[in-house]
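Report on the following structure.
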Amino acid sequence: MQELSLGGRRVLVTGGAGFIGSNFVHRLLALHPDVHVVVLDALTYAGRRENLDGVPASSLTFVHGDIRDPKAVATAMAGCEFVLNFAAESHVDRSIETPGEFIQTDVYGVFVLCEEARRVGVKRFVQVSTDEVYGEVLEGSSTEDWPLNPRSPYAASKAGGDRLAYAYWCTYGLPVVVTRCSNNYGPRQYPEKLVPLFVTNAIDDEPLPVYGSGLNRRDWLHVDDHCDALLTLLTFAGVEGETFNIGAQHELDVLTITATLLRLLDKPGTLIRYVEDRPGHDRRYAVDSSKLTRVTGWTPRISFEEGIVQTVQWFRANESWWRPIKQGDFRVYYERMYGQRRVLAGGQG
Ligand code: NAD
Ligand code: DAU
């Protein structure tokens with residue numbers, strides 16, 4: 001079977017002004033300069049138009065709109081043969097505060113996109129899901145046929161979108177591919193997430209709030225490796241209706257990441273502050289991505305050691321990106337999320 005061709009085609013990237021979406025757009029156009037990208041993004045607190053700075057104007061149409069709005073979706077998807085849905089409410093802590101927004105965007109928004117994609121007759125629809133849909137995995141690593149057991153409103157909403165997209169393949173033949181990736185890190189990640197929050201706090205000698213014991217484990221993948229996997233799956237032949245895990249097989253606990261960041265920034269361990277845990281905090285995620293490697297040949301290229309050095313350097317060199325974010329609304333969020341949190345004596349689980 002022949003790979004789908006991207007040459008001269010229009011590709012819709014929803015959520016393209018966010019962390020992974022913007023990295024994807026830059027990478028797609030670097031590798032396929034003849035593609036025309038349409039970004040549909042609501043520019044929520046996490047989306048930034050400047051994340052797309054440097055993209056040639058002639059290669060990009062930016063639609064400021066919401067994936068829940070059928071009109072905005074129809075405008076953005078017109079003439080597109082390929083769709084990747086990155087748009088989502090993406091932060092677990094916020095989903096604990098305001099679950100309704102997650103259900104609206106991460107489930108209903110996927111429905112609106114699938115309906116339009118079906119009407120337009122797109123060639124491929126990639127639903128960017130997450131390894132969190134499996135719930136916590138205390139031993140071994142989840143393969144794609146594992147039961148879904150999401151445990152936060154974020155994870156449950158993503159599981160809804162994940163299976164809804166799949167249902168459009170089964171029911172209507174929409175050529176859907178679902179991906180479930182592990183934790184990403186890299187440039188332009190919004191500083192509410194562990195790596196950018198701790199790097200930017202440490203630069204400013206502010207405390208690093210470690211939840212509970214700090215022994216929670218995640219698999220860490222550089223965003224460029226995630227984007228390469230998605231690019232592969234956007235055109236790979238014969239994978240419609242399939243689900244693929246994407247991971248690095250590089251598991252680390254929060255304390256190890258924290259120690260690495262402090263070492264790279266030459267900051268003291270006294271910045272660590274153990275704080276009250278996230279409710280329902282999943283202790284471990286681990287995905288088995290051997291299916292993706294077996295089927296497409298994809299493997300991660302960037303080691304954590306190399307990627308984290310690059311990432312820390314990026315945040316050091318781009319204070320003009322994150323300092324304005326950490327003012328204003330972010331301050332209010334930070335105070336709400338962390339201000340009242342009980343400080344623990346030291347690593348209580
Ligand atoms: P992000 O929060 O940085 O970006 C989300 C983007 O979606 C923002 O630009 C935001 O403005 C936009 N958006 C939100 N609601 C919208 C709506 N209703 N309509 C249109 N646009 C909207 O998120 P991210 O970390 O880049 O994650 C991107 C996708 O990848 C998400 O679907 C997430 O679930 C998934 N994912 C993330 C990770 C990770 O480690 N960050 C890992 C696996 C999967
Ligand atoms: O696994 C993929 C998922 O990874 C994505 O689907 C999500 O969009 C993404 O946000 C991420 O979810 P996590 O909850 O794993 O990421 P976060 O950066 O919020 O937390 C990583 C770990 O660090 C987790 O064990 C909680 C811990 N943590 C996080 C923050 C923000 C802390 O100890 N302190 C903190 O202040």
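A note on labels: chains of the structure tokens are A, B, ... as shown, every chain counts residues from 1, and ligands are counted from 1 in their shown order.
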
Could you make a table, as CSV, of the residues of chain A that have an atom within 6 Å of an atom of ligand 1, each with its nearest atom pair and distance in Å to one decimal, counting only C-alpha atoms and all ligand atoms, in chain and number order?
residue,atom,partner,partner_atom_place_in_ligand_line,distance
A:Gly15,CA,ligand 1,7 (O),3.6
A:Gly16,CA,ligand 1,9 (O),5.7
A:Ala17,CA,ligand 1,9 (O),4.0
A:Gly18,CA,ligand 1,9 (O),3.2
A:Phe19,CA,ligand 1,26 (O),3.7
A:Ile20,CA,ligand 1,26 (O),3.7
A:Gly21,CA,ligand 1,26 (O),5.5
A:Asp41,CA,ligand 1,21 (N),3.8
A:Ala42,CA,ligand 1,20 (C),4.0
A:Leu43,CA,ligand 1,11 (O),3.6
A:Thr44,CA,ligand 1,11 (O),3.9
A:Ala46,CA,ligand 1,8 (C),4.8
A:Gly47,CA,ligand 1,9 (O),3.2
A:Gly65,CA,ligand 1,20 (C),5.9
A:Asp66,CA,ligand 1,19 (N),3.5
A:Ile67,CA,ligand 1,19 (N),4.0
A:Arg68,CA,ligand 1,18 (N),5.8
A:Phe86,CA,ligand 1,29 (C),4.1
A:Ala87,CA,ligand 1,7 (O),3.5
A:Ala88,CA,ligand 1,14 (C),4.4
A:Glu89,CA,ligand 1,14 (C),5.1
A:Ser90,CA,ligand 1,2 (O),4.7
A:Thr105,CA,ligand 1,18 (N),4.7
A:Val128,CA,ligand 1,32 (O),5.3
A:Ser129,CA,ligand 1,44 (C),5.2
A:Thr130,CA,ligand 1,44 (C),4.1
A:Cys181,CA,ligand 1,43 (C),4.3
A:Ser182,CA,ligand 1,42 (C),5.1
A:Asn183,CA,ligand 1,40 (O),3.7
A:Asn184,CA,ligand 1,40 (O),3.8
A:Tyr190,CA,ligand 1,3 (O),5.8

message: Using DSSP assignments from the backbone, pull out every residue in region 94-298 of chain A that falls under alpha helix (DSSP H) and give it to me as a ChimeraX atom specification.
response: /A:94-97,99-103,109-120,153-172,194-203,223-235,254-265,290-296

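Proximal residues of ligand 2 are Ser90, His91, Val92, Thr130, Asp131, Glu132, Ser182, Asn183, Glu192, Lys193, Leu194, Pro209, Val210, Tyr211, Gly214, Asn216 and Val254 of chain A, by a cut-off of 6 Å on only C-alpha atoms and all ligand atoms.
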
- request: Show which residues sit within 10 Å of region 265-282 of chain A, as a ChimeraX atom specification. Count only C-alpha atoms, and ignore same-chain residues fewer than 3 positions away.
  value: /A:92-93,96,132,135-138,150-152,198-199,201-214,216-218,255,258-262,285,309,312-313,316,338,340-349

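From CA of Val110 (chain A) back to CA of Asp69 (chain A), the distance works out to 10.8 Å.
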
Using only C-alpha atoms, I'd like a table of the residues in region 111-219 of chain A that come within 6 Å of region 229-240 of chain A; for each, show the closest atom pair and its distance in Å rounded to one decimal, ordered by chain and ascending number, as JSON lines.
{"residue": "A:Pro175", "atom": "CA", "partner": "A:Glu240", "partner_atom": "CA", "distance": 5.0}
{"residue": "A:Val176", "atom": "CA", "partner": "A:Glu240", "partner_atom": "CA", "distance": 5.4}
{"residue": "A:Val177", "atom": "CA", "partner": "A:Glu240", "partner_atom": "CA", "distance": 5.5}

field: strand (DSSP E) call set, DSSP backbone run, region 134-204 of chain A, as a ChimeraX atom specification
entry: /A:176-181,183-185

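Between Pro300 (chain A) and the candidates A:Ala286, A:Leu221, A:Met337, A:Leu164, the tightest atom-to-atom separation, counting only C-alpha atoms, involves A:Leu221.
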
- request: Can you pull out every residue within 6 Å of Val35 (chain A), counting only C-alpha atoms, but drop anything in the same chain fewer than 2 positions away, and send it as a PyMOL selection string?
  value: chain A and resi 8-9+32-33

Could the residues in this selection be written to a file with N, CA and C atoms, as a PDB file, in the first residue's frame?
ATOM      1  N   GLY A   8       1.743  19.608  -1.473  1.00  0.00           N
ATOM      2  CA  GLY A   8       0.786  20.629  -1.890  1.00  0.00           C
ATOM      3  C   GLY A   8      -0.557  20.576  -1.170  1.00  0.00           C
ATOM      4  N   ARG A   9      -0.684  19.703  -0.163  1.00  0.00           N
ATOM      5  CA  ARG A   9      -1.990  19.525   0.492  1.00  0.00           C
ATOM      6  C   ARG A   9      -2.199  20.515   1.636  1.00  0.00           C
ATOM      7  N   HIS A  32       8.184  19.552   5.096  1.00  0.00           N
ATOM      8  CA  HIS A  32       7.316  19.592   3.903  1.00  0.00           C
ATOM      9  C   HIS A  32       6.948  21.038   3.609  1.00  0.00           C
ATOM     10  N   PRO A  33       7.883  21.824   3.066  1.00  0.00           N
ATOM     11  CA  PRO A  33       7.618  23.252   2.877  1.00  0.00           C
ATOM     12  C   PRO A  33       6.486  23.546   1.905  1.00  0.00           C
TER      13      PRO A  33
END

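As for CA of Pro147 (chain A) and CA of Ala117 (chain A), they are spaced 27.4 Å apart.
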
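The spacing separating CA of Ala317 (chain A) from CA of Asp53 (chain A) amounts to 16.1 Å.
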
query: If you count only C-alpha atoms, which residues fall within 6 Å of Val38 (chain A), apart from same-chain ones fewer than 5 positions away, as a PyMOL selection string?
result: chain A and resi 12+60-62

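Residues lying within 8 Å of Gly161 (chain A), counting only C-alpha atoms and ignoring same-chain neighbours fewer than 6 positions away, are A:Asp106, A:Val107, A:Tyr108, A:Val110, A:Phe111, A:Gln127, A:Ser129.
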